[in-house]
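Have a look at coords20.pdb; it's PDB, C-alpha atoms, pLDDT in the B column:
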ATOM      1  CA  MET A   1       0.440   0.794 -16.351  1.00 53.00           C
ATOM      2  CA  ALA A   2       1.545   0.223 -12.733  1.00 55.00           C
ATOM      3  CA  LYS A   3       0.046   3.577 -11.777  1.00 56.00           C
ATOM      4  CA  ASN A   4      -3.259   2.540 -13.362  1.00 56.00           C
ATOM      5  CA  ASP A   5      -3.153  -0.819 -11.561  1.00 60.00           C
ATOM      6  CA  ALA A   6      -2.550   0.949  -8.248  1.00 59.00           C
ATOM      7  CA  LEU A   7      -5.467   3.277  -8.902  1.00 57.00           C
ATOM      8  CA  LEU A   8      -7.630   0.327  -9.840  1.00 57.00           C
ATOM      9  CA  ASP A   9      -6.558  -1.523  -6.690  1.00 60.00           C
ATOM     10  CA  GLU A  10      -7.563   1.506  -4.646  1.00 59.00           C
ATOM     11  CA  ILE A  11     -10.951   1.741  -6.380  1.00 57.00           C
ATOM     12  CA  LEU A  12     -11.619  -1.956  -5.894  1.00 57.00           C
ATOM     13  CA  GLY A  13     -10.331  -1.953  -2.326  1.00 55.00           C
ATOM     14  CA  ASP A  14      -7.363  -4.203  -3.090  1.00 51.00           C
ATOM     15  CA  ASP A  15      -4.724  -1.880  -1.663  1.00 50.00           C
ATOM     16  CA  GLY A  16      -4.262  -3.953   1.479  1.00 47.00           C
ATOM     17  CA  LYS A  17      -6.137  -1.403   3.562  1.00 49.00           C
ATOM     18  CA  SER A  18      -9.720  -2.286   2.791  1.00 45.00           C
ATOM     19  CA  SER A  19     -10.034  -5.581   1.007  1.00 44.00           C
ATOM     20  CA  SER A  20     -13.420  -6.446   2.471  1.00 48.00           C
ATOM     21  CA  LYS A  21     -15.212  -5.494  -0.763  1.00 60.00           C
ATOM     22  CA  ASP A  22     -16.414  -8.260  -3.042  1.00 69.00           C
ATOM     23  CA  PHE A  23     -14.750  -8.693  -6.420  1.00 72.00           C
ATOM     24  CA  ASP A  24     -17.128  -7.507  -9.126  1.00 77.00           C
ATOM     25  CA  PRO A  25     -16.088  -8.279 -12.727  1.00 78.00           C
ATOM     26  CA  ALA A  26     -18.934  -6.114 -14.084  1.00 80.00           C
ATOM     27  CA  THR A  27     -17.527  -3.049 -12.327  1.00 80.00           C
ATOM     28  CA  LEU A  28     -14.088  -3.926 -13.603  1.00 76.00           C
ATOM     29  CA  LYS A  29     -15.399  -4.169 -17.188  1.00 81.00           C
ATOM     30  CA  LYS A  30     -16.949  -0.706 -16.866  1.00 81.00           C
ATOM     31  CA  ILE A  31     -13.656   0.686 -15.568  1.00 81.00           C
ATOM     32  CA  ILE A  32     -11.826  -0.900 -18.535  1.00 78.00           C
ATOM     33  CA  GLU A  33     -14.349   0.643 -20.935  1.00 82.00           C
ATOM     34  CA  MET A  34     -13.731   4.068 -19.386  1.00 80.00           C
ATOM     35  CA  ASN A  35      -9.939   3.660 -19.478  1.00 79.00           C
ATOM     36  CA  PRO A  36      -8.772   1.023 -21.991  1.00 78.00           C
ATOM     37  CA  GLU A  37      -5.120   1.953 -21.296  1.00 77.00           C
ATOM     38  CA  MET A  38      -5.381  -0.063 -18.098  1.00 74.00           C
ATOM     39  CA  LEU A  39      -5.286  -3.246 -20.157  1.00 75.00           C
ATOM     40  CA  GLY A  40      -1.730  -2.628 -21.282  1.00 76.00           C
ATOM     41  CA  ASN A  41      -0.787  -5.635 -23.406  1.00 77.00           C
ATOM     42  CA  ARG A  42      -3.371  -7.895 -21.788  1.00 80.00           C
ATOM     43  CA  SER A  43      -6.740  -9.052 -23.028  1.00 81.00           C
ATOM     44  CA  PRO A  44      -9.763  -8.037 -20.950  1.00 81.00           C
ATOM     45  CA  GLU A  45     -10.071 -11.637 -19.723  1.00 82.00           C
ATOM     46  CA  GLN A  46      -6.411 -11.775 -18.668  1.00 82.00           C
ATOM     47  CA  PHE A  47      -6.736  -8.410 -16.956  1.00 80.00           C
ATOM     48  CA  ILE A  48      -9.861  -9.445 -15.028  1.00 82.00           C
ATOM     49  CA  ALA A  49      -8.238 -12.747 -14.009  1.00 82.00           C
ATOM     50  CA  GLU A  50      -5.155 -10.879 -12.787  1.00 83.00           C
ATOM     51  CA  MET A  51      -7.278  -8.431 -10.777  1.00 82.00           C
ATOM     52  CA  LYS A  52      -9.226 -11.364  -9.302  1.00 83.00           C
ATOM     53  CA  GLN A  53      -5.947 -12.966  -8.191  1.00 85.00           C
ATOM     54  CA  LYS A  54      -4.798  -9.695  -6.621  1.00 83.00           C
ATOM     55  CA  HIS A  55      -8.135  -9.317  -4.858  1.00 82.00           C
ATOM     56  CA  ASP A  56      -8.062 -12.871  -3.528  1.00 83.00           C
ATOM     57  CA  ALA A  57      -4.460 -12.495  -2.351  1.00 82.00           C
ATOM     58  CA  ALA A  58      -5.275  -9.212  -0.598  1.00 82.00           C
ATOM     59  CA  GLN A  59      -8.261 -10.791   1.149  1.00 83.00           C
ATOM     60  CA  LYS A  60      -6.191 -13.780   2.265  1.00 81.00           C
ATOM     61  CA  GLN A  61      -3.448 -11.483   3.554  1.00 82.00           C
ATOM     62  CA  LYS A  62      -6.001  -9.379   5.440  1.00 80.00           C
ATOM     63  CA  GLN A  63      -7.520 -12.474   7.029  1.00 79.00           C
ATOM     64  CA  GLU A  64      -4.081 -13.687   8.111  1.00 74.00           C
ATOM     65  CA  LYS A  65      -3.248 -10.292   9.605  1.00 74.00           C
ATOM     66  CA  ASP A  66      -6.599 -10.096  11.382  1.00 71.00           C
ATOM     67  CA  SER A  67      -6.185 -13.535  12.916  1.00 66.00           C
ATOM     68  CA  ALA A  68      -2.604 -12.743  13.959  1.00 61.00           C
ATOM     69  CA  LYS A  69      -3.613  -9.431  15.504  1.00 60.00           C
ATOM     70  CA  GLU A  70      -6.118 -11.101  17.802  1.00 58.00           C
ATOM     71  CA  GLY A  71      -3.070 -11.821  19.938  1.00 50.00           C
ATOM     72  CA  VAL A  72      -2.207  -9.102  22.419  1.00 51.00           C
ATOM     73  CA  GLU A  73      -5.019  -6.772  21.419  1.00 50.00           C
ATOM     74  CA  GLY A  74      -8.171  -8.874  21.417  1.00 54.00           C
ATOM     75  CA  GLY A  75      -9.184 -12.103  23.058  1.00 55.00           C
ATOM     76  CA  PHE A  76      -5.653 -13.185  23.856  1.00 65.00           C
ATOM     77  CA  MET A  77      -5.688 -15.229  27.024  1.00 76.00           C
ATOM     78  CA  LEU A  78      -2.478 -14.923  28.991  1.00 78.00           C
ATOM     79  CA  PRO A  79      -1.190 -18.310  30.068  1.00 81.00           C
ATOM     80  CA  PRO A  80      -0.973 -18.791  33.844  1.00 85.00           C
ATOM     81  CA  ASP A  81       2.520 -20.294  33.623  1.00 89.00           C
ATOM     82  CA  VAL A  82       5.360 -17.750  33.352  1.00 91.00           C
ATOM     83  CA  ASP A  83       7.267 -19.908  30.862  1.00 91.00           C
ATOM     84  CA  GLN A  84       4.230 -20.254  28.586  1.00 90.00           C
ATOM     85  CA  LEU A  85       3.528 -16.528  29.025  1.00 91.00           C
ATOM     86  CA  ALA A  86       7.032 -15.606  27.856  1.00 92.00           C
ATOM     87  CA  ILE A  87       6.829 -18.005  24.895  1.00 91.00           C
ATOM     88  CA  ALA A  88       3.403 -16.729  23.820  1.00 90.00           C
ATOM     89  CA  LEU A  89       4.335 -13.049  24.125  1.00 91.00           C
ATOM     90  CA  GLU A  90       7.652 -13.625  22.376  1.00 93.00           C
ATOM     91  CA  LYS A  91       5.828 -15.124  19.380  1.00 93.00           C
ATOM     92  CA  LYS A  92       3.311 -12.275  19.280  1.00 92.00           C
ATOM     93  CA  TYR A  93       6.115  -9.731  19.588  1.00 94.00           C
ATOM     94  CA  ALA A  94       8.108 -11.332  16.761  1.00 96.00           C
ATOM     95  CA  LEU A  95       5.035 -11.377  14.506  1.00 95.00           C
ATOM     96  CA  GLU A  96       4.190  -7.739  15.156  1.00 95.00           C
ATOM     97  CA  LYS A  97       7.847  -6.709  14.778  1.00 96.00           C
ATOM     98  CA  LYS A  98       8.038  -8.493  11.402  1.00 96.00           C
ATOM     99  CA  GLU A  99       4.840  -6.751  10.226  1.00 96.00           C
ATOM    100  CA  LEU A 100       6.315  -3.385  11.167  1.00 96.00           C
ATOM    101  CA  GLU A 101       9.640  -4.165   9.488  1.00 97.00           C
ATOM    102  CA  ASP A 102       7.814  -5.234   6.322  1.00 96.00           C
ATOM    103  CA  GLU A 103       5.780  -2.030   6.372  1.00 96.00           C
ATOM    104  CA  ILE A 104       8.923   0.078   6.899  1.00 96.00           C
ATOM    105  CA  LYS A 105      10.610  -1.748   4.002  1.00 96.00           C
ATOM    106  CA  ARG A 106       7.596  -1.110   1.760  1.00 94.00           C
ATOM    107  CA  LEU A 107       7.457   2.573   2.715  1.00 95.00           C
ATOM    108  CA  THR A 108      11.213   2.988   2.290  1.00 95.00           C
ATOM    109  CA  GLU A 109      11.022   1.514  -1.210  1.00 94.00           C
ATOM    110  CA  ARG A 110       8.103   3.786  -2.034  1.00 93.00           C
ATOM    111  CA  GLN A 111      10.014   6.805  -0.737  1.00 93.00           C
ATOM    112  CA  ARG A 112      13.152   5.795  -2.666  1.00 92.00           C
ATOM    113  CA  SER A 113      11.231   5.721  -5.940  1.00 92.00           C
ATOM    114  CA  LEU A 114       9.423   9.016  -5.298  1.00 93.00           C
ATOM    115  CA  LYS A 115      12.139  11.482  -6.355  1.00 94.00           C
ATOM    116  CA  PRO A 116      13.173   9.830  -9.646  1.00 94.00           C
ATOM    117  CA  ARG A 117       9.547   9.303 -10.588  1.00 94.00           C
ATOM    118  CA  TYR A 118       8.645  12.978 -10.141  1.00 94.00           C
ATOM    119  CA  ARG A 119      11.896  14.116 -11.771  1.00 95.00           C
ATOM    120  CA  ASP A 120      11.257  11.929 -14.825  1.00 94.00           C
ATOM    121  CA  VAL A 121       7.656  13.107 -15.181  1.00 94.00           C
ATOM    122  CA  PHE A 122       8.848  16.715 -14.959  1.00 95.00           C
ATOM    123  CA  MET A 123      11.545  16.122 -17.577  1.00 95.00           C
ATOM    124  CA  ASP A 124       9.159  14.281 -19.924  1.00 94.00           C
ATOM    125  CA  LYS A 125       6.645  17.134 -19.817  1.00 95.00           C
ATOM    126  CA  LEU A 126       9.394  19.748 -20.082  1.00 96.00           C
ATOM    127  CA  LEU A 127      10.604  18.014 -23.256  1.00 95.00           C
ATOM    128  CA  GLU A 128       7.120  18.480 -24.693  1.00 95.00           C
ATOM    129  CA  ILE A 129       6.734  22.105 -23.528  1.00 95.00           C
ATOM    130  CA  ASP A 130      10.213  23.558 -24.060  1.00 95.00           C
ATOM    131  CA  PRO A 131      12.767  20.960 -25.227  1.00 95.00           C
ATOM    132  CA  ASN A 132      15.510  23.536 -25.778  1.00 95.00           C
ATOM    133  CA  LEU A 133      14.919  25.449 -22.528  1.00 95.00           C
ATOM    134  CA  VAL A 134      14.687  28.743 -24.429  1.00 96.00           C
ATOM    135  CA  SER A 135      11.473  30.160 -23.012  1.00 96.00           C
ATOM    136  CA  PRO A 136      11.920  32.957 -20.471  1.00 96.00           C
ATOM    137  CA  LYS A 137       9.126  31.372 -18.465  1.00 96.00           C
ATOM    138  CA  THR A 138      11.052  28.080 -18.336  1.00 96.00           C
ATOM    139  CA  GLY A 139      14.113  29.908 -17.059  1.00 96.00           C
ATOM    140  CA  PHE A 140      12.036  31.651 -14.397  1.00 97.00           C
ATOM    141  CA  VAL A 141      10.370  28.417 -13.243  1.00 96.00           C
ATOM    142  CA  LEU A 142      13.685  26.533 -13.117  1.00 97.00           C
ATOM    143  CA  LYS A 143      15.120  29.307 -10.942  1.00 97.00           C
ATOM    144  CA  ASP A 144      11.969  29.746  -8.818  1.00 97.00           C
ATOM    145  CA  LYS A 145      11.561  26.001  -8.136  1.00 97.00           C
ATOM    146  CA  LYS A 146      15.292  25.281  -7.810  1.00 97.00           C
ATOM    147  CA  THR A 147      14.987  23.956  -4.240  1.00 97.00           C
ATOM    148  CA  TRP A 148      12.377  21.369  -5.199  1.00 96.00           C
ATOM    149  CA  LEU A 149      14.116  20.525  -8.482  1.00 97.00           C
ATOM    150  CA  ASP A 150      17.391  19.966  -6.613  1.00 97.00           C
ATOM    151  CA  GLU A 151      15.571  17.714  -4.151  1.00 96.00           C
ATOM    152  CA  VAL A 152      14.202  15.466  -6.882  1.00 96.00           C
ATOM    153  CA  GLY A 153      17.585  15.433  -8.637  1.00 96.00           C
ATOM    154  CA  PHE A 154      16.826  17.578 -11.679  1.00 96.00           C
ATOM    155  CA  SER A 155      19.707  19.246 -13.482  1.00 96.00           C
ATOM    156  CA  VAL A 156      20.060  20.708 -16.953  1.00 95.00           C
ATOM    157  CA  GLU A 157      22.727  18.115 -17.730  1.00 96.00           C
ATOM    158  CA  LEU A 158      20.423  15.277 -16.698  1.00 96.00           C
ATOM    159  CA  PHE A 159      17.593  16.861 -18.695  1.00 95.00           C
ATOM    160  CA  ILE A 160      19.759  16.978 -21.845  1.00 94.00           C
ATOM    161  CA  ALA A 161      20.811  13.340 -21.365  1.00 94.00           C
ATOM    162  CA  HIS A 162      17.161  12.386 -20.803  1.00 93.00           C
ATOM    163  CA  GLY A 163      16.198  14.153 -24.018  1.00 92.00           C
ATOM    164  CA  ARG A 164      18.895  12.332 -25.964  1.00 92.00           C
ATOM    165  CA  LYS A 165      17.652   8.955 -24.687  1.00 90.00           C
ATOM    166  CA  ARG A 166      14.101   9.723 -25.806  1.00 82.00           C
ATOM    167  CA  LYS A 167      15.074  10.531 -29.408  1.00 71.00           C
TER     168      LYS A 167
END
Kindly present the structure from the file in structure tokens form.
Amino acid sequence: MAKNDALLDEILGDDGKSSSKDFDPATLKKIIEMNPEMLGNRSPEQFIAEMKQKHDAAQKQKQEKDSAKEGVEGGFMLPPDVDQLAIALEKKYALEKKELEDEIKRLTERQRSLKPRYRDVFMDKLLEIDPNLVSPKTGFVLKDKKTWLDEVGFSVELFIAHGRKRK
């Protein structure tokens, strides 16, 4: 469901990158009709209200960022007094530094979740295709893609444990 919400956010422009689009419930209803799984356990009204809140929050955040960025880049007037200059630039610096730290934190979290997510998807599909790992093709692929599988943390032992949890 989170993947669907992220895709929906991207379609609607609510991904924090381009939230200048207007919220359109009619478009959202058509998207729900095309993919009812996006509702999860929510009613269409709850889902639309939640998306509206996300859209409004993204627009507010974008407006706050835009107004804060006017600082050093845009029409920022440097104070003539050196003390005021240092104070003003220090505030702008702290704001920009915090934005970058928040972005790094967000990207780090996204990167941290990348490997287990891909490993779990691979194991789920492998359980459907060859749950006992008996196919010669499976053996070949596991050997051929060993570098990538090691990177995402796949092992036969982990696969067996994953299969036991799913039963």
What lies within 9 Å of segment 133-136 of chain A using all atoms listed in the file, ignoring chain neighbours under 6 positions off, as a ChimeraX atom specification? /A:126-127,156
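In terms of minimum interatomic distance to Leu149 of chain A, A:Asp120 ranks closest within A:Glu101, A:Asp120, A:Glu128, A:Asp66, counting all atoms listed in the file.
Atom CA of Glu96 of chain A to atom CA of Gln63 of chain A spans 15.0 Å [interatomic distance, one decimal].
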In Å to one decimal, how far is atom CA of Lys60 of chain A from atom CA of Glu45 of chain A? 22.4 Å
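Relative to atom CA of Val152 of chain A, atom CA of Met123 of chain A is found at 11.0 Å.
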Using 12 Å as the limit and counting all atoms listed in the file, can you tabulate each residue of segment 57-161 of chain A that touches segment 21-36 of chain A, with its shortest atom-to-atom distance in Å and the two atoms involved, as CSV?
residue,atom,partner,partner_atom,distance
A:Ala57,CA,A:Phe23,CA,11.7
A:Ala58,CA,A:Lys21,CA,10.6
A:Gln59,CA,A:Lys21,CA,8.9
A:Lys62,CA,A:Lys21,CA,11.8
I'd like to see the residues matched by the PyMOL selection byres ((chain A and resi 151) around 12) on this file, and ideally I'd get them as number ranges by chain. A: 114-116, 118-119, 145-150, 152-155
